[in-house]
file start-v2.cif (mmCIF, C-alpha atoms)
data_entry
#
loop_
_atom_site.group_PDB
_atom_site.id
_atom_site.type_symbol
_atom_site.label_atom_id
_atom_site.label_comp_id
_atom_site.auth_asym_id
_atom_site.auth_seq_id
_atom_site.Cartn_x
_atom_site.Cartn_y
_atom_site.Cartn_z
ATOM 1 C CA MET R 24 0.000 0.000 0.000
ATOM 2 C CA SER R 25 1.415 3.379 -0.953
ATOM 3 C CA SER R 26 1.701 6.261 1.485
ATOM 4 C CA SER R 27 -0.907 8.269 -0.458
ATOM 5 C CA THR R 28 -3.327 5.332 -0.213
ATOM 6 C CA SER R 29 -2.608 5.039 3.512
ATOM 7 C CA LEU R 30 -3.241 8.755 3.995
ATOM 8 C CA ALA R 31 -6.502 8.514 2.053
ATOM 9 C CA LEU R 32 -7.588 5.605 4.263
ATOM 10 C CA LEU R 33 -6.750 7.549 7.420
ATOM 11 C CA ALA R 34 -8.697 10.549 6.115
ATOM 12 C CA SER R 35 -11.651 8.326 5.298
ATOM 13 C CA ARG R 36 -11.591 6.763 8.776
ATOM 14 C CA ALA R 37 -11.410 10.193 10.392
ATOM 15 C CA GLN R 38 -14.455 11.391 8.430
ATOM 16 C CA ALA R 39 -16.602 8.269 8.896
ATOM 17 C CA GLY R 40 -19.839 9.267 10.584
ATOM 18 C CA SER R 41 -18.615 12.684 11.659
ATOM 19 C CA ALA R 42 -19.549 16.163 10.528
ATOM 20 C CA ARG R 43 -16.322 17.430 12.113
ATOM 21 C CA PRO R 44 -13.343 15.069 12.032
ATOM 22 C CA VAL R 45 -10.933 15.426 14.930
ATOM 23 C CA VAL R 46 -7.654 13.523 14.642
ATOM 24 C CA LEU R 47 -5.163 13.120 17.474
ATOM 25 C CA ILE R 48 -1.655 11.983 16.483
ATOM 26 C CA ASP R 49 0.706 10.954 19.267
ATOM 27 C CA GLY R 50 4.107 9.291 19.449
ATOM 28 C CA ARG R 51 7.575 9.876 20.783
ATOM 29 C CA SER R 52 9.958 12.588 19.651
ATOM 30 C CA GLY R 53 11.172 12.056 16.086
ATOM 31 C CA SER R 54 8.651 9.325 15.254
ATOM 32 C CA GLY R 55 6.980 11.195 12.376
ATOM 33 C CA LYS R 56 3.938 12.820 14.002
ATOM 34 C CA THR R 57 4.482 16.224 12.421
ATOM 35 C CA THR R 58 5.067 14.775 8.962
ATOM 36 C CA LEU R 59 1.872 12.730 9.235
ATOM 37 C CA GLY R 60 -0.148 15.651 10.591
ATOM 38 C CA ARG R 61 1.044 17.991 7.848
ATOM 39 C CA ALA R 62 0.151 15.419 5.169
ATOM 40 C CA LEU R 63 -3.243 14.484 6.634
ATOM 41 C CA ALA R 64 -4.605 17.945 7.497
ATOM 42 C CA PRO R 65 -4.993 19.138 3.866
ATOM 43 C CA LEU R 66 -6.878 15.962 2.937
ATOM 44 C CA LEU R 67 -9.436 16.830 5.607
ATOM 45 C CA ASP R 68 -9.301 20.586 4.972
ATOM 46 C CA ALA R 69 -8.394 20.639 8.664
ATOM 47 C CA GLN R 70 -6.822 23.119 11.002
ATOM 48 C CA LEU R 71 -3.484 21.762 12.215
ATOM 49 C CA VAL R 72 -2.166 22.235 15.735
ATOM 50 C CA GLU R 73 1.447 21.216 16.259
ATOM 51 C CA LEU R 74 2.016 20.831 19.991
ATOM 52 C CA ASP R 75 5.611 22.024 19.516
ATOM 53 C CA ASP R 76 3.970 25.461 19.283
ATOM 54 C CA VAL R 77 2.071 24.880 22.537
ATOM 55 C CA TYR R 78 4.440 23.148 24.996
ATOM 56 C CA PRO R 79 5.288 25.708 27.670
ATOM 57 C CA GLY R 80 9.013 24.975 27.628
ATOM 58 C CA TRP R 81 11.043 21.809 28.005
ATOM 59 C CA HIS R 82 9.051 20.652 31.041
ATOM 60 C CA GLY R 83 5.630 21.306 29.484
ATOM 61 C CA LEU R 84 4.385 18.050 27.970
ATOM 62 C CA ALA R 85 1.748 17.437 30.663
ATOM 63 C CA ARG R 86 0.482 21.019 30.531
ATOM 64 C CA ALA R 87 0.128 20.874 26.741
ATOM 65 C CA SER R 88 -1.769 17.570 27.096
ATOM 66 C CA GLU R 89 -4.190 19.279 29.459
ATOM 67 C CA ALA R 90 -4.572 22.188 27.021
ATOM 68 C CA VAL R 91 -5.694 19.785 24.271
ATOM 69 C CA VAL R 92 -8.886 19.002 26.201
ATOM 70 C CA ARG R 93 -9.293 22.247 28.136
ATOM 71 C CA ASP R 94 -8.645 24.680 25.259
ATOM 72 C CA MET R 95 -8.464 23.027 21.839
ATOM 73 C CA LEU R 96 -11.294 20.496 21.973
ATOM 74 C CA ARG R 97 -13.825 22.537 23.936
ATOM 75 C CA ALA R 98 -17.072 23.393 22.156
ATOM 76 C CA ALA R 99 -17.058 27.139 22.782
ATOM 77 C CA GLU R 100 -14.239 29.366 21.565
ATOM 78 C CA PRO R 101 -11.551 26.688 21.153
ATOM 79 C CA GLY R 102 -7.938 27.624 20.627
ATOM 80 C CA HIS R 103 -4.553 27.538 22.293
ATOM 81 C CA ARG R 104 -1.861 29.768 23.685
ATOM 82 C CA ARG R 105 1.345 29.698 21.626
ATOM 83 C CA TRP R 106 4.692 29.406 23.379
ATOM 84 C CA ASP R 107 7.529 31.758 22.475
ATOM 85 C CA TRP R 108 10.589 29.499 22.724
ATOM 86 C CA ASP R 109 13.034 32.394 22.242
ATOM 87 C CA ALA R 110 11.551 34.508 25.043
ATOM 88 C CA SER R 111 10.609 31.421 27.107
ATOM 89 C CA GLU R 112 7.145 32.794 27.816
ATOM 90 C CA PRO R 113 3.532 32.518 26.649
ATOM 91 C CA SER R 114 2.719 34.280 23.400
ATOM 92 C CA THR R 115 -0.413 34.936 21.346
ATOM 93 C CA TRP R 116 -3.724 33.114 21.455
ATOM 94 C CA ARG R 117 -4.686 31.193 18.322
ATOM 95 C CA SER R 118 -8.419 30.713 17.881
ATOM 96 C CA LEU R 119 -9.716 27.555 16.248
ATOM 97 C CA ASP R 120 -12.947 27.256 14.277
ATOM 98 C CA PRO R 121 -15.175 24.750 16.138
ATOM 99 C CA ARG R 122 -16.940 23.829 12.868
ATOM 100 C CA ARG R 123 -13.826 22.916 10.872
ATOM 101 C CA PRO R 124 -11.969 19.599 11.052
ATOM 102 C CA LEU R 125 -8.981 19.538 13.365
ATOM 103 C CA VAL R 126 -5.710 17.608 13.489
ATOM 104 C CA ILE R 127 -3.637 17.849 16.664
ATOM 105 C CA GLU R 128 -0.192 16.281 16.582
ATOM 106 C CA GLY R 129 2.410 15.967 19.282
ATOM 107 C CA ALA R 130 3.597 13.921 22.206
ATOM 108 C CA GLY R 131 0.802 14.059 24.744
ATOM 109 C CA ALA R 132 -2.040 14.672 22.274
ATOM 110 C CA LEU R 133 -3.716 11.323 22.963
ATOM 111 C CA THR R 134 -4.810 10.884 26.581
ATOM 112 C CA ARG R 135 -7.621 9.162 28.416
ATOM 113 C CA ALA R 136 -9.399 12.537 28.514
ATOM 114 C CA SER R 137 -8.854 13.510 24.858
ATOM 115 C CA ALA R 138 -9.489 10.099 23.247
ATOM 116 C CA PRO R 139 -13.310 10.191 23.535
ATOM 117 C CA LEU R 140 -13.362 13.610 21.847
ATOM 118 C CA ALA R 141 -11.609 12.429 18.659
ATOM 119 C CA THR R 142 -12.927 10.681 15.577
ATOM 120 C CA LEU R 143 -9.523 9.097 14.870
ATOM 121 C CA ARG R 144 -6.704 8.364 17.282
ATOM 122 C CA VAL R 145 -3.258 7.580 15.845
ATOM 123 C CA TRP R 146 -0.066 6.375 17.508
ATOM 124 C CA VAL R 147 3.155 6.720 15.482
ATOM 125 C CA GLU R 148 5.730 4.055 16.352
ATOM 126 C CA LEU R 149 9.447 4.146 15.574
ATOM 127 C CA ASP R 150 12.499 2.651 17.270
ATOM 128 C CA ASP R 151 14.696 4.836 19.488
ATOM 129 C CA GLU R 152 17.762 4.882 17.222
ATOM 130 C CA SER R 153 15.764 5.959 14.166
ATOM 131 C CA ARG R 154 13.902 8.626 16.138
ATOM 132 C CA ARG R 155 17.103 10.179 17.451
ATOM 133 C CA SER R 156 18.674 10.050 13.988
ATOM 134 C CA ARG R 157 15.665 11.857 12.502
ATOM 135 C CA VAL R 158 15.858 14.584 15.111
ATOM 136 C CA ARG R 159 19.539 15.122 14.300
ATOM 137 C CA GLU R 160 18.629 15.549 10.617
ATOM 138 C CA ARG R 161 15.867 18.114 11.144
ATOM 139 C CA SER R 162 16.458 21.494 9.607
ATOM 140 C CA VAL R 163 15.461 23.508 12.658
ATOM 141 C CA VAL R 164 18.194 25.468 14.370
ATOM 142 C CA ASP R 165 18.403 23.570 17.652
ATOM 143 C CA ALA R 166 17.521 20.050 16.501
ATOM 144 C CA ALA R 167 21.048 18.642 16.555
ATOM 145 C CA ASP R 168 21.626 20.164 19.975
ATOM 146 C CA TYR R 169 18.367 18.658 21.263
ATOM 147 C CA ALA R 170 19.123 15.107 20.074
ATOM 148 C CA ASP R 171 22.505 15.106 21.802
ATOM 149 C CA SER R 172 21.680 17.108 24.913
ATOM 150 C CA ALA R 173 20.215 16.542 28.341
ATOM 151 C CA TRP R 174 16.928 17.945 26.950
ATOM 152 C CA TRP R 175 16.456 14.682 25.036
ATOM 153 C CA ASP R 176 16.440 12.815 28.370
ATOM 154 C CA VAL R 177 14.242 15.420 30.058
ATOM 155 C CA TRP R 178 11.703 15.111 27.240
ATOM 156 C CA ALA R 179 11.959 11.306 27.097
ATOM 157 C CA ALA R 180 11.146 11.123 30.812
ATOM 158 C CA GLN R 181 7.983 13.168 30.211
ATOM 159 C CA GLU R 182 7.034 10.965 27.254
ATOM 160 C CA GLU R 183 7.471 7.906 29.471
ATOM 161 C CA ALA R 184 5.340 9.452 32.229
ATOM 162 C CA HIS R 185 2.654 10.195 29.608
ATOM 163 C CA ARG R 186 2.880 6.620 28.313
ATOM 164 C CA MET R 187 2.535 5.169 31.816
ATOM 165 C CA ALA R 188 -0.401 7.425 32.747
ATOM 166 C CA ASN R 189 -2.365 7.198 29.483
ATOM 167 C CA ASP R 190 -1.093 4.248 27.403
ATOM 168 C CA PRO R 191 -1.698 6.247 24.194
ATOM 169 C CA ARG R 192 -0.694 3.348 21.949
ATOM 170 C CA ARG R 193 -3.527 1.319 23.410
ATOM 171 C CA LEU R 194 -5.969 4.238 23.058
ATOM 172 C CA ALA R 195 -5.127 4.525 19.346
ATOM 173 C CA ASP R 196 -7.432 3.267 16.593
ATOM 174 C CA VAL R 197 -4.435 3.015 14.267
ATOM 175 C CA VAL R 198 -0.752 2.396 14.873
ATOM 176 C CA VAL R 199 1.411 3.801 12.075
ATOM 177 C CA GLU R 200 5.047 2.886 11.536
ATOM 178 C CA GLY R 201 6.974 6.168 11.447
#
call {"tool": "encode", "arguments": {"input": "start-v2.cif", "output": "structure tokens"}}
result
Amino acid sequence: MSSSTSLALLASRAQAGSARPVVLIDGRSGSGKTTLGRALAPLLDAQLVELDDVYPGWHGLARASEAVVRDMLRAAEPGHRRWDWDASEPSTWRSLDPRRPLVIEGAGALTRASAPLATLRVWVELDDESRRSRVRERSVVDAADYADSAWWDVWAAQEEAHRMANDPRRLADVVVEG
């Protein structure tokens, strides 16, 4: 099955029986969540939220997870506060249209609280060595530093805490190989 066929199948599953598809894509750092979210959102004509824009700093995975339910998936006036990584402080509010499809991707997107609010739940799986290699290859300024720094371990510990508390792989409708 080609990747375009797989994407079309995911889009179809997300839309099945729903006037407003909501897709949650979770996985560990470097697994391919962002790539999948960016490819899937246009097929659904969906708004895309990348949790990298939401995490309030390097210790913010749990708070961003809470924001998915509290702010992004609420019925009235959904949206999220952006995080300014350079200034290390909250930034602007981004409103979301509650009538339009929505794709949220990032570690911590899929929790016991958010799962019932989605039409499709996806876990992206990839081995540790490949994930770290991908992060090193990213074109963002600090990616190489992140993959080889203590921040990798800080983030991995939060991912593990999220996995233990929520078991997002088990909550997923689909497991995708990154």
call {"tool": "closest_residue", "arguments": {"input": "start-v2.cif", "among": "R:Pro124, R:Gly53, R:Gly83, R:Gly131", "to": "R:Ala69", "atoms": "all atoms listed in the file"}}
result
R:Pro124
call {"tool": "atom_distance", "arguments": {"input": "start-v2.cif", "atom1": "atom CA of R:Trp174", "atom2": "atom CA of R:Trp81"}}
result
7.1 Å
call {"tool": "resolve_selection", "arguments": {"input": "start-v2.cif", "expression": "the PyMOL selection byres ((chain R and resi 133) around 12)", "output": "ChimeraX atom specification"}}
result
/R:45-51,56,74,84-85,87-92,96,126-132,134-147,182,185-186,188-196
call {"tool": "axis_aligned_box", "arguments": {"input": "start-v2.cif", "around": "stretch 32-51 of chain R", "padding_each_side": "6 Å", "output": "lines of an AutoDock Vina configuration file"}}
result
center_x = -6.1
center_y = 11.5
center_z = 12.5
size_x = 39.4
size_y = 23.8
size_z = 28.5
call {"tool": "resolve_selection", "arguments": {"input": "start-v2.cif", "expression": "the PyMOL selection byres ((chain R and resi 114) around 10)", "output": "count of residues only"}}
result
16
call {"tool": "atom_distance", "arguments": {"input": "start-v2.cif", "atom1": "atom CA of R:Val158", "atom2": "atom CA of R:Ser52"}}
result
7.7 Å
call {"tool": "atom_distance", "arguments": {"input": "start-v2.cif", "atom1": "atom CA of R:Ala99", "atom2": "atom CA of R:Val197"}}
result
28.5 Å
call {"tool": "closest_residue", "arguments": {"input": "start-v2.cif", "among": "R:Ser118, R:Ser29, R:Ser35, R:Ser153", "to": "R:Leu67", "atoms": "only C-alpha atoms"}}
result
R:Ser35
call {"tool": "closest_residue", "arguments": {"input": "start-v2.cif", "among": "R:Arg61, R:Arg86, R:Arg123, R:Arg93", "to": "R:Arg43", "atoms": "all atoms listed in the file"}}
result
R:Arg123
call {"tool": "resolve_selection", "arguments": {"input": "start-v2.cif", "expression": "the PyMOL selection byres ((chain R and resi 100) around 9)", "output": "ChimeraX atom specification"}}
result
/R:94-95,97-99,101-102,118-121
call {"tool": "decode", "arguments": {"input": "start-v2.cif", "residues": "stretch 38-67 of chain R", "atoms": "N, CA and C atoms", "output": "short mmCIF file (atom, residue, chain, number, x, y, z; two decimals), in the first residue's frame"}}
result
data_model
loop_
_atom_site.label_atom_id
_atom_site.label_comp_id
_atom_site.auth_asym_id
_atom_site.auth_seq_id
_atom_site.Cartn_x
_atom_site.Cartn_y
_atom_site.Cartn_z
N GLN R 38 -13.21 10.76 8.84
CA GLN R 38 -14.46 11.39 8.43
C GLN R 38 -15.68 10.51 8.64
N ALA R 39 -15.49 9.21 8.81
CA ALA R 39 -16.60 8.27 8.90
C ALA R 39 -17.57 8.66 10.02
N GLY R 40 -18.78 8.98 9.62
CA GLY R 40 -19.84 9.27 10.58
C GLY R 40 -19.66 10.55 11.37
N SER R 41 -18.84 11.46 10.90
CA SER R 41 -18.61 12.68 11.66
C SER R 41 -18.73 13.91 10.77
N ALA R 42 -19.46 14.89 11.25
CA ALA R 42 -19.55 16.16 10.53
C ALA R 42 -18.27 16.96 10.71
N ARG R 43 -17.57 16.71 11.82
CA ARG R 43 -16.32 17.43 12.11
C ARG R 43 -15.25 16.44 12.56
N PRO R 44 -14.43 15.98 11.64
CA PRO R 44 -13.34 15.07 12.03
C PRO R 44 -12.36 15.75 12.99
N VAL R 45 -11.96 15.00 14.00
CA VAL R 45 -10.93 15.43 14.93
C VAL R 45 -9.94 14.28 15.04
N VAL R 46 -8.70 14.55 14.64
CA VAL R 46 -7.65 13.52 14.64
C VAL R 46 -6.59 13.90 15.67
N LEU R 47 -6.25 12.95 16.51
CA LEU R 47 -5.16 13.12 17.47
C LEU R 47 -4.03 12.19 17.07
N ILE R 48 -2.83 12.76 16.89
CA ILE R 48 -1.65 11.98 16.48
C ILE R 48 -0.61 12.11 17.59
N ASP R 49 -0.24 10.98 18.16
CA ASP R 49 0.71 10.95 19.27
C ASP R 49 1.85 10.01 18.92
N GLY R 50 2.93 10.13 19.62
CA GLY R 50 4.11 9.29 19.45
C GLY R 50 5.28 9.98 20.11
N ARG R 51 6.40 9.31 20.13
CA ARG R 51 7.57 9.88 20.78
C ARG R 51 8.31 10.82 19.84
N SER R 52 9.20 11.60 20.40
CA SER R 52 9.96 12.59 19.65
C SER R 52 10.67 11.95 18.46
N GLY R 53 10.50 12.54 17.29
CA GLY R 53 11.17 12.06 16.09
C GLY R 53 10.49 10.89 15.39
N SER R 54 9.31 10.50 15.83
CA SER R 54 8.65 9.33 15.25
C SER R 54 7.97 9.61 13.92
N GLY R 55 7.63 10.86 13.64
CA GLY R 55 6.98 11.19 12.38
C GLY R 55 5.59 11.81 12.54
N LYS R 56 5.25 12.23 13.73
CA LYS R 56 3.94 12.82 14.00
C LYS R 56 3.67 14.07 13.16
N THR R 57 4.66 14.96 13.14
CA THR R 57 4.48 16.22 12.42
C THR R 57 4.34 15.98 10.93
N THR R 58 5.16 15.11 10.39
CA THR R 58 5.07 14.77 8.96
C THR R 58 3.69 14.22 8.63
N LEU R 59 3.20 13.31 9.46
CA LEU R 59 1.87 12.73 9.24
C LEU R 59 0.79 13.80 9.37
N GLY R 60 0.86 14.61 10.40
CA GLY R 60 -0.15 15.65 10.59
C GLY R 60 -0.19 16.63 9.44
N ARG R 61 0.98 17.04 8.97
CA ARG R 61 1.04 17.99 7.85
C ARG R 61 0.54 17.39 6.54
N ALA R 62 0.66 16.08 6.38
CA ALA R 62 0.15 15.42 5.17
C ALA R 62 -1.35 15.16 5.26
N LEU R 63 -1.84 14.84 6.45
CA LEU R 63 -3.24 14.48 6.63
C LEU R 63 -4.16 15.70 6.69
N ALA R 64 -3.74 16.77 7.32
CA ALA R 64 -4.61 17.95 7.50
C ALA R 64 -5.19 18.48 6.18
N PRO R 65 -4.40 18.63 5.12
CA PRO R 65 -4.99 19.14 3.87
C PRO R 65 -6.04 18.20 3.26
N LEU R 66 -5.89 16.90 3.47
CA LEU R 66 -6.88 15.96 2.94
C LEU R 66 -8.23 16.12 3.62
N LEU R 67 -8.21 16.62 4.85
CA LEU R 67 -9.44 16.83 5.61
C LEU R 67 -9.88 18.29 5.59
#
